[in-house]
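K.L.:
Let me begin by handing over the structure; questions about it come next.
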Amino acid sequence: LASAIDDFVYASCVDARSKATSQNGPGLLVQDEKGRNFGTLSPKGCSENYGFTLKTHTEFQASWVGDMTAGKLNCVDQHGALLAVTDNHGQSQRVIRIGHGANVGVIMLSLLGIELLRHDMRSTSTPM
């Protein structure tokens, strides 16, 4: 997640499996602007249908649940407060509504990371 004005990087994601601290399975380490680990974004189960969770070192947790295929997702924090919702608007557009007080950067980076994880999960799954 970088600035549109200059080359400043606010945050980034790296493959958790490439790091010694990784858990088993797919996941992304979320890093701050200095490359320090901020949290982990990972699927809640073996299927994207279970949703995704961002857990940070500050005890903040955001869970994304809903219909991943249709693009209709809700993001709630660890207390159940609604942070954001997404919805498809036509075939090629997605509307993202972010609640007051929610960290826009965290929401956007989570959504981008979820798309990467979904792609990885689909490409590594074996047909039955």
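Identifiers in this document derive from the order of the structure tokens: chains are assigned A, B, ..., residues are numbered from 1 separately in each chain, and ligands are numbered from 1 in order of occurrence.
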Identify, with DSSP run on backbone atoms, the residues in chain A assigned to strand (DSSP E or B), and express the list as an NGL selection string.
P.N.:
:A and (2 or 9 or 11-15 or 28-32 or 37-43 or 52-56 or 61-67 or 72-77 or 82-88 or 94-98)
K.L.:
Determine the nearest neighbour of A:Gly35 from the options A:Val9, A:Arg118, A:Ala102, A:Thr124, counting only C-alpha atoms.
P.N.:
A:Val9
K.L.:
Return as a PyMOL selection string the full set of residues in stretch 79-120 of chain A whose backbone-based DSSP assignment is alpha helix (DSSP H).
P.N.:
chain A and resi 104-120
K.L.:
Pick out the residues sitting within 8 Å of A:Ser110, and hand them over as a list of chain:residue names; count only C-alpha atoms, and ignore anything fewer than 4 positions along from it in its own chain.
P.N.:
A:Leu41, A:Leu54, A:Val106, A:Ile114
K.L.:
Taking 2 positions as the minimum chain separation for residues in the same chain, which residues sit within 12 Å of stretch 92-96 of chain A when counting only C-alpha atoms? Answer as a list of chain:residue names.
P.N.:
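Answer for this query is A:Ala70, A:Gly71, A:Lys72, A:Leu73, A:Asn74, A:Cys75, A:Leu83, A:Ala84, A:Val85, A:Thr86, A:Asp87, A:Asn88, A:His89, A:Gly90, A:Ile98, A:Gly99, A:Val104, A:Ile107, A:Met108, A:Leu111.
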K.L.:
Env of stretch 3-8 of chain A: 12 Å cut, atoms = only C-alpha atoms, seq-sep filter 6 positions within chain, self excluded. Answer as a list in words.
P.N.:
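Answer for this query is Asp32, Glu33, Lys34 and Gly105 of chain A.
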K.L.:
Those residues with N, CA and C atoms, as a PDB file, in the first residue's frame please?
P.N.:
ATOM      1  N   ASP A  32       4.673  -3.040   8.512  1.00  0.00           N
ATOM      2  CA  ASP A  32       4.533  -1.587   8.470  1.00  0.00           C
ATOM      3  C   ASP A  32       5.528  -0.976   7.499  1.00  0.00           C
ATOM      4  N   GLU A  33       5.599   0.337   7.495  1.00  0.00           N
ATOM      5  CA  GLU A  33       6.445   1.048   6.529  1.00  0.00           C
ATOM      6  C   GLU A  33       7.939   0.753   6.685  1.00  0.00           C
ATOM      7  N   LYS A  34       8.348   0.234   7.844  1.00  0.00           N
ATOM      8  CA  LYS A  34       9.758  -0.092   8.069  1.00  0.00           C
ATOM      9  C   LYS A  34      10.035  -1.590   7.941  1.00  0.00           C
ATOM     10  N   GLY A 105      -6.396   2.135   5.617  1.00  0.00           N
ATOM     11  CA  GLY A 105      -5.239   1.395   5.119  1.00  0.00           C
ATOM     12  C   GLY A 105      -5.300  -0.078   5.483  1.00  0.00           C
TER      13      GLY A 105
END
